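> Input structure: coords-v7.csv, which contains CSV, C-alpha atoms.
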chain,number,residue,atom,x,y,z
A,1,MET,CA,-31.9,-4.1,-9.8
A,2,GLN,CA,-35.2,-2.2,-10.1
A,3,ARG,CA,-37.3,-1.0,-7.3
A,4,GLU,CA,-39.9,-3.7,-7.8
A,5,THR,CA,-37.2,-6.4,-7.6
A,6,PHE,CA,-37.5,-6.4,-3.8
A,7,GLU,CA,-41.0,-5.4,-2.7
A,8,PRO,CA,-41.5,-3.7,0.7
A,9,GLY,CA,-42.0,-6.4,3.3
A,10,VAL,CA,-40.0,-9.1,1.6
A,11,PHE,CA,-37.4,-9.0,4.3
A,12,ALA,CA,-39.8,-8.6,7.3
A,13,PRO,CA,-39.5,-12.2,8.5
A,14,LEU,CA,-35.7,-11.8,8.7
A,15,ALA,CA,-35.6,-9.2,11.5
A,16,ALA,CA,-32.6,-10.7,13.2
A,17,LEU,CA,-30.5,-10.9,10.0
A,18,ALA,CA,-27.0,-9.5,10.4
A,19,VAL,CA,-25.3,-10.2,7.1
A,20,LEU,CA,-26.9,-10.0,3.6
A,21,LYS,CA,-25.2,-10.6,0.3
A,22,LEU,CA,-27.1,-9.4,-2.8
A,23,ASN,CA,-24.1,-8.9,-5.0
A,24,LYS,CA,-23.7,-10.4,-8.5
A,25,ASN,CA,-27.5,-10.1,-9.1
A,26,THR,CA,-27.3,-7.2,-11.6
A,27,LYS,CA,-26.7,-7.6,-15.3
A,28,ARG,CA,-23.3,-6.3,-16.4
A,29,VAL,CA,-25.2,-3.9,-18.7
A,30,PHE,CA,-26.5,-1.4,-16.2
A,31,GLU,CA,-29.8,0.4,-16.8
A,32,PRO,CA,-30.5,4.0,-15.7
A,33,ALA,CA,-33.6,2.8,-13.9
A,34,TYR,CA,-31.7,0.7,-11.5
A,35,VAL,CA,-32.0,1.8,-7.9
A,36,TYR,CA,-31.1,0.5,-4.4
A,37,PRO,CA,-34.1,-1.1,-2.7
A,38,ASP,CA,-34.0,1.1,0.4
A,39,GLU,CA,-37.6,0.6,1.4
A,40,ALA,CA,-37.4,-3.2,1.4
A,41,LEU,CA,-34.0,-3.2,3.2
A,42,SER,CA,-35.0,-0.6,5.8
A,43,GLU,CA,-36.9,-3.4,7.7
A,44,LEU,CA,-33.5,-5.1,8.5
A,45,ARG,CA,-32.8,-3.0,11.6
A,46,ASN,CA,-30.2,-5.5,12.9
A,47,LEU,CA,-28.3,-5.8,9.6
A,48,THR,CA,-24.6,-4.9,10.1
A,49,ASP,CA,-23.1,-6.1,6.7
A,50,LEU,CA,-24.5,-5.4,3.3
A,51,HIS,CA,-23.0,-6.6,0.0
A,52,ILE,CA,-24.7,-5.2,-3.0
A,53,ASP,CA,-23.9,-4.3,-6.6
A,54,GLY,CA,-22.8,-0.6,-7.2
A,55,LEU,CA,-25.2,1.1,-9.6
A,56,PRO,CA,-24.5,4.1,-11.9
A,57,LEU,CA,-25.8,7.5,-10.7
A,58,ALA,CA,-27.9,5.9,-7.9
A,59,VAL,CA,-28.1,7.2,-4.4
A,60,PHE,CA,-28.7,5.3,-1.2
A,61,GLY,CA,-32.3,6.4,-0.4
A,62,PRO,CA,-33.9,7.5,2.9
A,63,GLY,CA,-34.7,3.9,3.9
A,64,PHE,CA,-31.0,3.4,4.7
A,65,ASN,CA,-31.3,6.0,7.4
A,66,ARG,CA,-33.5,3.6,9.3
A,67,MET,CA,-30.9,0.8,9.1
A,68,THR,CA,-29.2,2.0,12.3
A,69,SER,CA,-27.1,-1.1,12.8
A,70,LEU,CA,-25.5,-1.0,9.3
A,71,ARG,CA,-21.7,-0.7,9.6
A,72,ARG,CA,-20.2,-2.4,6.5
A,73,LEU,CA,-21.2,-1.7,2.9
A,74,VAL,CA,-19.4,-3.6,0.1
A,75,LEU,CA,-20.1,-2.5,-3.4
A,76,SER,CA,-16.9,-4.0,-4.9
A,77,GLY,CA,-16.7,-5.0,-8.5
A,78,LEU,CA,-13.6,-7.1,-8.2
A,79,ASP,CA,-14.4,-10.7,-7.2
A,80,GLU,CA,-17.4,-10.0,-5.1
A,81,GLY,CA,-19.9,-8.5,-7.5
A,82,TYR,CA,-20.6,-6.0,-10.3
A,83,CYS,CA,-20.0,-2.3,-9.8
A,84,LYS,CA,-20.2,0.7,-12.1
A,85,MET,CA,-21.0,3.8,-10.2
A,86,GLY,CA,-19.6,6.4,-12.6
A,87,PHE,CA,-20.0,10.0,-11.4
A,88,LEU,CA,-20.7,10.3,-7.7
A,89,SER,CA,-23.0,13.0,-6.4
A,90,ASN,CA,-22.9,14.8,-3.0
A,91,ASP,CA,-26.1,12.8,-2.2
A,92,THR,CA,-24.8,9.3,-3.0
A,93,PHE,CA,-24.0,8.4,0.6
A,94,SER,CA,-26.0,11.0,2.5
A,95,ASN,CA,-28.2,8.4,4.1
A,96,VAL,CA,-25.5,6.0,5.3
A,97,ALA,CA,-23.6,8.2,7.7
A,98,GLN,CA,-23.6,5.2,10.2
A,99,LEU,CA,-21.0,3.3,8.1
A,100,THR,CA,-17.7,2.4,9.6
A,101,TYR,CA,-16.4,0.5,6.5
A,102,LEU,CA,-17.0,1.2,2.8
A,103,ASN,CA,-15.6,-0.8,-0.1
A,104,VAL,CA,-16.0,0.7,-3.6
A,105,SER,CA,-13.1,-1.1,-5.3
A,106,ASP,CA,-13.3,-1.5,-9.1
A,107,CYS,CA,-16.5,0.7,-9.3
A,108,SER,CA,-15.4,2.9,-12.3
A,109,ILE,CA,-15.7,5.9,-10.0
A,110,LEU,CA,-15.6,9.3,-11.7
A,111,VAL,CA,-15.5,12.7,-9.9
A,112,ASN,CA,-16.5,16.2,-11.1
A,113,GLY,CA,-17.2,19.4,-9.3
A,114,SER,CA,-20.7,18.4,-8.2
A,115,GLY,CA,-19.5,15.3,-6.4
A,116,ILE,CA,-16.4,16.2,-4.5
A,117,ASP,CA,-18.3,16.1,-1.2
A,118,ALA,CA,-19.7,12.6,-1.9
A,119,PHE,CA,-17.8,11.2,1.2
A,120,ALA,CA,-18.6,14.1,3.5
A,121,PRO,CA,-21.5,12.4,5.3
A,122,LEU,CA,-19.2,9.4,6.2
A,123,GLN,CA,-17.5,10.9,9.2
A,124,ASN,CA,-17.7,7.6,11.1
A,125,LEU,CA,-15.7,5.6,8.5
A,126,GLU,CA,-12.8,3.7,9.9
A,127,GLY,CA,-11.9,1.8,6.7
A,128,LEU,CA,-12.2,2.8,3.0
A,129,ASP,CA,-11.2,0.8,0.0
A,130,VAL,CA,-11.1,2.6,-3.4
A,131,THR,CA,-8.8,0.1,-5.1
A,132,PHE,CA,-8.8,-0.3,-8.9
A,133,ASN,CA,-10.7,2.8,-9.8
A,134,LEU,CA,-8.2,3.6,-12.6
A,135,LYS,CA,-9.8,6.9,-13.6
A,136,LEU,CA,-9.9,8.3,-10.1
A,137,GLY,CA,-6.2,9.4,-9.8
A,138,PHE,CA,-4.5,11.1,-6.9
A,139,ASN,CA,-6.1,14.6,-7.6
A,140,HIS,CA,-9.7,13.4,-7.6
A,141,LEU,CA,-9.1,11.1,-4.6
A,142,ALA,CA,-7.7,14.1,-2.7
A,143,ASP,CA,-10.9,16.0,-3.5
A,144,LEU,CA,-13.0,13.2,-2.1
A,145,LEU,CA,-10.8,12.8,1.0
A,146,ARG,CA,-10.6,16.4,2.2
A,147,PRO,CA,-14.1,16.4,3.8
A,148,LEU,CA,-12.9,13.4,5.8
A,149,ASN,CA,-9.8,15.2,7.2
A,150,ASP,CA,-11.1,15.1,10.8
A,151,SER,CA,-13.1,11.8,10.4
A,152,ASN,CA,-12.4,8.5,12.2
A,153,LEU,CA,-10.8,6.9,9.1
A,154,THR,CA,-7.7,4.9,10.2
A,155,CYS,CA,-7.3,2.5,7.2
A,156,LEU,CA,-7.2,3.5,3.5
A,157,THR,CA,-6.6,1.1,0.6
A,158,MET,CA,-5.9,2.9,-2.7
A,159,THR,CA,-4.1,0.4,-4.9
A,160,SER,CA,-4.3,1.0,-8.7
A,161,ILE,CA,-6.1,4.3,-8.8
A,162,ASN,CA,-3.7,5.4,-11.6
A,163,ASN,CA,-3.3,3.8,-15.0
A,164,ARG,CA,-0.4,1.3,-14.5
A,165,TYR,CA,0.9,2.1,-18.0
A,166,SER,CA,1.0,5.9,-17.4
A,167,THR,CA,4.1,8.0,-16.9
A,168,GLY,CA,5.4,8.5,-13.4
A,169,GLU,CA,3.2,10.0,-10.6
A,170,ALA,CA,4.5,12.0,-7.6
A,171,VAL,CA,3.1,12.3,-4.1
A,172,THR,CA,2.6,16.0,-3.6
A,173,SER,CA,2.3,17.9,-0.3
A,174,SER,CA,-1.3,18.8,-1.4
A,175,PHE,CA,-2.2,15.1,-1.6
A,176,ALA,CA,-0.4,14.2,1.6
A,177,SER,CA,-2.3,16.9,3.5
A,178,SER,CA,-5.7,15.6,2.1
A,179,LEU,CA,-5.3,12.3,3.9
A,180,PRO,CA,-7.4,11.9,7.0
A,181,ARG,CA,-5.4,13.0,10.1
A,182,LYS,CA,-6.2,9.8,12.1
A,183,LEU,CA,-4.9,7.5,9.4
A,184,GLU,CA,-2.8,4.6,10.6
A,185,PHE,CA,-2.7,2.1,7.7
A,186,LEU,CA,-2.1,3.2,4.1
A,187,VAL,CA,-1.9,0.8,1.2
A,188,ALA,CA,-1.1,2.5,-2.2
A,189,ARG,CA,0.4,-0.2,-4.3
A,190,GLU,CA,0.7,-0.2,-8.1
A,191,ASN,CA,0.1,3.5,-8.8
A,192,ALA,CA,3.1,4.3,-11.1
A,193,LEU,CA,4.6,6.4,-8.2
A,194,GLU,CA,8.1,7.6,-9.0
A,195,MET,CA,8.7,10.5,-6.6
A,196,ILE,CA,7.7,11.9,-3.3
A,197,GLU,CA,8.0,15.7,-3.4
A,198,ASP,CA,10.2,17.3,-0.8
A,199,GLY,CA,8.1,18.4,2.1
A,200,ALA,CA,5.3,15.9,1.4
A,201,ILE,CA,6.3,13.4,4.1
A,202,GLU,CA,6.1,16.0,6.8
A,203,THR,CA,2.5,16.6,5.8
A,204,LEU,CA,1.4,13.0,6.0
A,205,PRO,CA,-0.9,12.0,8.9
A,206,PRO,CA,1.3,11.8,12.1
A,207,ASP,CA,-0.1,8.4,13.4
A,208,LEU,CA,0.8,6.3,10.4
A,209,LYS,CA,2.0,2.9,11.5
A,210,TYR,CA,1.9,0.9,8.3
A,211,ILE,CA,2.6,2.1,4.7
A,212,ASP,CA,2.6,-0.2,1.7
A,213,LEU,CA,4.0,1.4,-1.5
A,214,GLY,CA,4.9,-1.8,-3.3
A,215,ASP,CA,4.8,-2.3,-7.0
A,216,ASN,CA,5.6,1.3,-7.7
A,217,ARG,CA,8.7,2.9,-9.3
A,218,LEU,CA,10.1,5.0,-6.5
A,219,THR,CA,13.4,6.6,-7.4
A,220,PHE,CA,16.4,7.4,-5.2
A,221,SER,CA,16.0,11.0,-4.2
A,222,THR,CA,16.1,13.6,-1.3
A,223,TYR,CA,12.7,12.7,0.1
A,224,LEU,CA,14.5,9.8,1.8
A,225,LYS,CA,15.9,12.4,4.3
A,226,ASP,CA,12.5,13.1,5.6
A,227,LEU,CA,11.7,9.4,6.6
A,228,PRO,CA,12.6,10.1,10.3
A,229,MET,CA,9.5,12.4,10.4
A,230,LEU,CA,7.3,9.3,10.4
A,231,LYS,CA,7.9,8.7,14.0
A,232,ASN,CA,5.1,6.1,14.5
A,233,LEU,CA,5.8,4.0,11.4
A,234,LYS,CA,6.6,0.4,12.2
A,235,HIS,CA,6.1,-1.4,8.8
A,236,LEU,CA,7.2,0.0,5.4
A,237,MET,CA,6.5,-2.2,2.4
A,238,LEU,CA,8.3,-1.3,-0.9
A,239,ASN,CA,8.3,-4.8,-2.3
A,240,SER,CA,6.9,-6.2,-5.6
A,241,ILE,CA,4.7,-9.3,-5.8
A,242,GLY,CA,5.8,-9.7,-9.4
A,243,TYR,CA,2.3,-9.6,-11.0
A,244,ILE,CA,2.4,-9.9,-14.8
A,245,PHE,CA,-0.1,-7.8,-16.7
A,246,ARG,CA,-1.6,-8.5,-20.1
A,247,VAL,CA,-0.7,-6.5,-23.2
A,248,PRO,CA,-2.5,-3.1,-22.9
A,249,LYS,CA,-5.6,-2.6,-25.1
A,250,GLY,CA,-5.0,1.2,-25.5
A,251,TYR,CA,-2.7,4.1,-24.7
A,252,PRO,CA,-2.7,5.6,-21.2
A,253,PRO,CA,-3.9,9.2,-20.7
A,254,PRO,CA,-1.3,12.0,-21.2
A,255,ALA,CA,0.8,12.9,-18.3
A,256,GLU,CA,-0.5,15.9,-16.2
A,257,ARG,CA,3.1,16.8,-15.1
A,258,THR,CA,6.7,15.9,-15.9
A,259,ILE,CA,8.7,14.6,-12.9
A,260,GLN,CA,12.0,16.3,-12.6
A,261,LEU,CA,14.7,14.5,-10.7
A,262,PRO,CA,16.9,16.8,-8.6
A,263,TRP,CA,20.1,15.8,-10.3
A,264,GLY,CA,21.3,14.1,-13.5
A,265,GLY,CA,24.4,12.2,-12.3
A,266,SER,CA,24.8,8.7,-11.0
A,267,CYS,CA,25.8,9.7,-7.5
A,268,GLU,CA,28.5,7.0,-7.5
A,269,GLU,CA,31.0,9.8,-7.0
A,270,PRO,CA,30.4,12.8,-4.6
A,271,GLY,CA,30.6,15.3,-7.4
A,272,ASP,CA,27.6,13.8,-9.1
A,273,CYS,CA,25.3,14.6,-6.2
A,274,ILE,CA,23.7,17.8,-4.9
A,275,ASP,CA,24.8,16.9,-1.4
A,276,THR,CA,28.5,16.4,-1.2
A,277,GLY,CA,28.6,15.4,2.5
A,278,ARG,CA,28.8,11.8,3.7
A,279,PHE,CA,25.7,9.9,2.5
A,280,GLU,CA,23.6,8.7,5.3
A,281,LEU,CA,20.3,6.7,5.0
A,282,PHE,CA,17.6,7.8,7.4
A,283,LEU,CA,14.8,5.5,8.6
A,284,PRO,CA,11.7,6.2,10.6
A,285,PRO,CA,12.9,5.9,14.3
A,286,ASN,CA,10.3,3.2,15.2
A,287,LEU,CA,10.3,1.2,12.0
A,288,LYS,CA,10.6,-2.5,12.8
A,289,VAL,CA,10.1,-4.2,9.3
A,290,LEU,CA,11.3,-3.0,5.9
A,291,ASP,CA,10.5,-5.1,2.9
A,292,MET,CA,12.3,-4.2,-0.4
A,293,SER,CA,12.0,-7.5,-2.1
A,294,VAL,CA,11.6,-7.7,-5.9
A,295,MET,CA,12.3,-4.0,-6.4
A,296,ASP,CA,14.8,-4.5,-9.3
A,297,LEU,CA,17.6,-3.2,-7.0
A,298,LYS,CA,21.1,-3.7,-8.6
A,299,TYR,CA,24.0,-2.8,-6.4
A,300,ILE,CA,27.3,-3.9,-5.1
A,301,LEU,CA,26.5,-3.6,-1.4
A,302,SER,CA,29.5,-1.5,-0.4
A,303,ASP,CA,29.9,0.7,2.7
A,304,LEU,CA,26.7,2.2,3.8
A,305,PHE,CA,25.9,4.5,6.7
A,306,VAL,CA,22.4,4.2,8.2
A,307,ASN,CA,21.5,6.8,10.8
A,308,ALA,CA,21.8,5.0,14.2
A,309,ASN,CA,18.5,6.4,15.4
A,310,ASN,CA,16.5,3.5,14.2
A,311,SER,CA,14.8,0.4,15.5
A,312,LEU,CA,14.9,-1.8,12.4
A,313,GLN,CA,14.7,-5.5,13.3
A,314,LYS,CA,13.8,-7.2,10.0
A,315,LEU,CA,15.2,-6.3,6.5
A,316,VAL,CA,13.9,-8.2,3.5
A,317,LEU,CA,15.9,-7.7,0.2
A,318,ASP,CA,15.1,-11.0,-1.5
A,319,ASP,CA,14.9,-11.3,-5.3
A,320,ASN,CA,17.1,-8.3,-6.2
A,321,TYR,CA,20.7,-8.2,-7.7
A,322,PHE,CA,23.6,-7.9,-5.2
A,323,PRO,CA,26.5,-9.9,-6.7
A,324,SER,CA,29.0,-8.8,-4.0
A,325,LEU,CA,28.4,-8.1,-0.3
A,326,GLU,CA,31.3,-5.8,0.7
A,327,GLY,CA,30.2,-3.5,3.5
A,328,PRO,CA,30.7,-2.5,6.1
A,329,ILE,CA,27.1,-1.5,7.0
A,330,TYR,CA,26.8,0.9,9.9
A,331,GLY,CA,23.8,1.7,12.0
A,332,LEU,CA,21.8,-1.5,12.0
A,333,GLU,CA,22.7,-2.4,15.5
A,334,LYS,CA,19.2,-3.8,16.3
A,335,LEU,CA,18.8,-5.9,13.1
A,336,THR,CA,17.9,-9.5,14.1
A,337,GLU,CA,16.8,-10.8,10.7
A,338,LEU,CA,18.3,-10.3,7.2
A,339,HIS,CA,16.8,-11.8,4.0
A,340,LEU,CA,19.1,-11.9,0.9
A,341,LYS,CA,17.6,-14.9,-0.9
A,342,HIS,CA,17.9,-15.1,-4.7
A,343,THR,CA,20.1,-12.0,-5.0
A,344,SER,CA,22.9,-13.5,-7.2
A,345,VAL,CA,25.4,-13.2,-4.4
A,346,SER,CA,28.7,-14.7,-5.5
A,347,SER,CA,31.2,-13.1,-3.0
A,348,ILE,CA,31.2,-11.9,0.6
A,349,LYS,CA,33.8,-9.9,2.4
A,350,LYS,CA,34.1,-10.2,6.2
A,351,ALA,CA,33.5,-6.5,6.7
A,352,PHE,CA,29.9,-6.9,5.5
A,353,PHE,CA,28.8,-8.6,8.7
A,354,GLN,CA,31.2,-6.9,11.2
A,355,ASN,CA,28.5,-4.5,12.6
A,356,PHE,CA,25.5,-6.9,12.7
A,357,ASN,CA,25.9,-7.5,16.4
A,358,SER,CA,22.2,-8.5,17.0
A,359,LEU,CA,21.7,-10.6,13.9
A,360,GLN,CA,20.0,-14.0,14.7
A,361,LYS,CA,18.6,-15.1,11.4
A,362,LEU,CA,20.3,-14.9,8.0
A,363,PHE,CA,18.8,-16.1,4.7
A,364,LEU,CA,21.2,-16.6,1.8
A,365,ALA,CA,19.5,-19.4,-0.1
A,366,ARG,CA,19.4,-19.6,-3.9
A,367,ASN,CA,22.6,-17.6,-4.5
A,368,ARG,CA,25.8,-18.3,-6.3
A,369,LEU,CA,28.1,-19.0,-3.4
A,370,GLY,CA,29.3,-22.5,-4.4
A,371,ALA,CA,32.6,-21.4,-5.9
A,372,PHE,CA,33.1,-18.9,-3.1
A,373,PHE,CA,32.9,-21.6,-0.4
A,374,GLU,CA,35.0,-24.0,-2.4
A,375,ASN,CA,37.8,-21.5,-2.7
A,376,SER,CA,37.7,-20.4,0.9
A,377,GLY,CA,37.5,-23.9,2.4
A,378,GLN,CA,36.7,-24.6,6.0
A,379,SER,CA,38.8,-21.7,7.3
A,380,ASN,CA,36.4,-19.1,5.9
A,381,PRO,CA,36.1,-16.4,8.7
A,382,ILE,CA,33.2,-14.6,7.1
A,383,PHE,CA,30.5,-15.8,9.6
A,384,GLU,CA,32.6,-16.4,12.7
A,385,ASP,CA,31.6,-13.2,14.5
A,386,LEU,CA,27.8,-13.7,13.9
A,387,LYS,CA,25.7,-15.0,16.7
A,388,ILE,CA,23.2,-16.9,14.5
A,389,SER,CA,20.7,-18.9,16.4
A,390,PRO,CA,20.9,-22.6,15.7
A,391,PRO,CA,17.7,-24.3,14.4
A,392,LEU,CA,15.3,-25.7,17.0
A,393,THR,CA,15.5,-29.4,17.5
A,394,CYS,CA,13.4,-31.8,19.4
A,395,PRO,CA,15.2,-33.0,22.5
A,396,ALA,CA,15.9,-36.7,22.9
A,397,THR,CA,13.1,-38.5,24.8
A,398,GLY,CA,15.1,-41.6,25.9
Write the structure described by the file as structure tokens, please.

Amino acid sequence: MQRETFEPGVFAPLAALAVLKLNKNTKRVFEPAYVYPDEALSELRNLTDLHIDGLPLAVFGPGFNRMTSLRRLVLSGLDEGYCKMGFLSNDTFSNVAQLTYLNVSDCSILVNGSGIDAFAPLQNLEGLDVTFNLKLGFNHLADLLRPLNDSNLTCLTMTSINNRYSTGEAVTSSFASSLPRKLEFLVARENALEMIEDGAIETLPPDLKYIDLGDNRLTFSTYLKDLPMLKNLKHLMLNSIGYIFRVPKGYPPPAERTIQLPWGGSCEEPGDCIDTGRFELFLPPNLKVLDMSVMDLKYILSDLFVNANNSLQKLVLDDNYFPSLEGPIYGLEKLTELHLKHTSVSSIKKAFFQNFNSLQKLFLARNRLGAFFENSGQSNPIFEDLKISPPLTCPATG
């Protein structure tokens, strides 16, 4: 896309145009002479949405300053277009401060010292998507986000910004504090995350309502104690969509740090753990939905204490491995919906359900309960205390 591709005046007859899609018009082999046609586009004063290919080392020229209605800029190289921006500079976005949404997913973004303020002009951003910039990483993204700490950004999507074949990554307090303070929605799937450092959760933005950390490798550790600090969180997604990757074409970069787990035991016995008191699982107090499906969880669901200061209504545990439901489970008094489909359940003890006083919907399909019900016959008391809602039926119209 060279300057002469779109001559000044070419868009003059389209003064009322609101959406323009110019993406997938650039060769996959990018030339250094490629530029954004800011002079030609500047005549589109009513344009709100622009989709255009992301160019290497190019800046959005002064003509974009005159596009006062422009709010959404999509440079994505995923399905929408071609994008290979490479190293950002502090001037890359200096003339598009009016944007409220920026999508630079799959743009091969790189960051060095001269580009860490590239996002600084974008204080009006409400949504940012940096998905599938595999060389960006948490540290470089933190550098880009710090100038937006007090911005209007409420929604951040940062899926696959670490090499999926790399060794485990940790969420540090430094990264958590770099996130914009007004953030409400955070999607960070598929980043090889294994740990959240102690203290990191309390430095996250206080207004977070939705967090999606699915398709990571999060381990059982002491950061779970800090979940109640997320007082406004309503949805926590830890599930996997089961995406299958191709055989890698090369080795991942070497690890920057080694993650140390706080203990080496199994924690099946109290002496294995660093905390020998009664184990209690803490949840964010206003969390409504917790999805932990396809997480490769393998447990006998024995007695479990969940701190009673929670509002959980829906728990999804589908496609894990729980051969025996023993219980009892304490603290989920407000749970109305429990999903245990395809979890290899072959036996259930009555104690498992004895505290689910609000449960209305129970999903146990695709398990191994045939022999269990055959042996127990019609006198099975397992479900007699549950107040499961019957399916809705159409009333007779006689």
> Hey, can you check how far CA of Tyr36 (chain A) sits from CA of Ala15 (chain A)?
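Spanning CA of Tyr36 (chain A) to CA of Ala15 (chain A) is a straight-line distance of 19.2 Å.
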> Which residue gives the smallest distance to Leu99 (chain A) among A:Tyr82, A:Phe64, A:Phe87, A:Phe11, with only C-alpha atoms counted?
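Smallest distance to Leu99 (chain A) is found for A:Phe64.
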> What's the 10 Å shell around Ser173 (chain A), counting all atoms listed in the file, without same-chain residues fewer than 2 positions away, as an MDAnalysis selection string?
chainID A and resid 170:171 175:178 196:204
> Report the distance between CA of Leu125 (chain A) and CA of Ala192 (chain A) in Å, rounded to one decimal place.
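Distance between the two atoms: 27.2 Å.
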> Which neighbours of Asn23 (chain A) fall inside 10 Å, counting only C-alpha atoms, when residues of the same chain fewer than 5 positions from it are skipped, and could you give them as a ChimeraX atom specification?
/A:50-54,74-77,80-83
> Please save C-alpha atoms of the selected residues as a PDB file, in the frame of the given file.

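This is the output file again_16.pdb:
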ATOM      1  CA  LEU A  50     -24.500  -5.400   3.300  1.00  0.00           C
ATOM      2  CA  HIS A  51     -23.000  -6.600   0.000  1.00  0.00           C
ATOM      3  CA  ILE A  52     -24.700  -5.200  -3.000  1.00  0.00           C
ATOM      4  CA  ASP A  53     -23.900  -4.300  -6.600  1.00  0.00           C
ATOM      5  CA  GLY A  54     -22.800  -0.600  -7.200  1.00  0.00           C
ATOM      6  CA  VAL A  74     -19.400  -3.600   0.100  1.00  0.00           C
ATOM      7  CA  LEU A  75     -20.100  -2.500  -3.400  1.00  0.00           C
ATOM      8  CA  SER A  76     -16.900  -4.000  -4.900  1.00  0.00           C
ATOM      9  CA  GLY A  77     -16.700  -5.000  -8.500  1.00  0.00           C
ATOM     10  CA  GLU A  80     -17.400 -10.000  -5.100  1.00  0.00           C
ATOM     11  CA  GLY A  81     -19.900  -8.500  -7.500  1.00  0.00           C
ATOM     12  CA  TYR A  82     -20.600  -6.000 -10.300  1.00  0.00           C
ATOM     13  CA  CYS A  83     -20.000  -2.300  -9.800  1.00  0.00           C
TER      14      CYS A  83
END
> Nearest residue to Ala308 (chain A) out of A:Gly331, A:Gly61, A:Gly370, A:Gly113, using only C-alpha atoms?
A:Gly331
> Given all atoms listed in the file as the basis, pick out the residue of A:Leu128, A:Leu186, A:Val306, A:Ile241 nearest to Lys225 (chain A).
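Going through A:Leu128, A:Leu186, A:Val306, A:Ile241 one by one, the smallest distance to Lys225 (chain A) is for A:Val306.
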> Which one of A:Asn286, A:Ser160, A:Thr343, A:Asn25 sits closest to Leu227 (chain A) if you count all atoms listed in the file?
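Of all the options, A:Asn286 lies closest to Leu227 (chain A).
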> For Lys135 (chain A), which residue out of A:Ser69, A:Gln123, A:Asn103, A:Asn162 is the nearest one, using all atoms listed in the file?
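Between A:Ser69, A:Gln123, A:Asn103, A:Asn162, the residue approaching Lys135 (chain A) most closely is A:Asn162.
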> Of the residues A:Ser221, A:Asn46, A:Gln313, A:Asn152, which is the one nearest to Glu333 (chain A), using all atoms listed in the file?
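Among the listed residues, A:Gln313 lies closest to Glu333 (chain A).
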> Mind listing as a PDB file with C-alpha atoms, keeping the file's coordinate frame all residues within 8 Å of (16.9, 6.0, 6.8), counting only C-alpha atoms?

ATOM      1  CA  LEU A 224      14.500   9.800   1.800  1.00  0.00           C
ATOM      2  CA  LYS A 225      15.900  12.400   4.300  1.00  0.00           C
ATOM      3  CA  LEU A 227      11.700   9.400   6.600  1.00  0.00           C
ATOM      4  CA  PRO A 228      12.600  10.100  10.300  1.00  0.00           C
ATOM      5  CA  GLU A 280      23.600   8.700   5.300  1.00  0.00           C
ATOM      6  CA  LEU A 281      20.300   6.700   5.000  1.00  0.00           C
ATOM      7  CA  PHE A 282      17.600   7.800   7.400  1.00  0.00           C
ATOM      8  CA  LEU A 283      14.800   5.500   8.600  1.00  0.00           C
ATOM      9  CA  PRO A 284      11.700   6.200  10.600  1.00  0.00           C
ATOM     10  CA  VAL A 306      22.400   4.200   8.200  1.00  0.00           C
ATOM     11  CA  ASN A 307      21.500   6.800  10.800  1.00  0.00           C
ATOM     12  CA  ASN A 310      16.500   3.500  14.200  1.00  0.00           C
TER      13      ASN A 310
END
> Which value, in Å to one decimal, gives the distance between CA of Leu70 (chain A) and CA of Cys107 (chain A)?
20.7 Å
> I'd like the contact shell of Asp150 (chain A) - 8 Å cut-off, only C-alpha atoms, skipping same-chain residues fewer than 4 positions apart - returned as an MDAnalysis selection string.
chainID A and resid 123 180:182
> Generate the output file for the selected residues, C-alpha atoms, as a tab-separated table (two decimals), keeping the file's coordinate frame.

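This is the output file selection_19.tsv:
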chain	number	residue	atom	x	y	z
A	123	GLN	CA	-17.50	10.90	9.20
A	180	PRO	CA	-7.40	11.90	7.00
A	181	ARG	CA	-5.40	13.00	10.10
A	182	LYS	CA	-6.20	9.80	12.10
> Within 6 Å of (33.2, -16.5, -4.7), all atoms listed in the file: residues as a ChimeraX atom specification?
/A:346-347,369,371-372
> Do a neighbour search on Glu43 (chain A) at 6 Å with all atoms listed in the file, toss out local chain neighbours closer than 2 positions, and write the hits as number ranges by chain.
A: 12, 41, 45
> Residues near Lys234 (chain A), anyone? I mean within 8 Å using all atoms listed in the file, not counting same-chain ones fewer than 6 positions away, as a PyMOL selection string.
chain A and resi 209-210+284+286-289
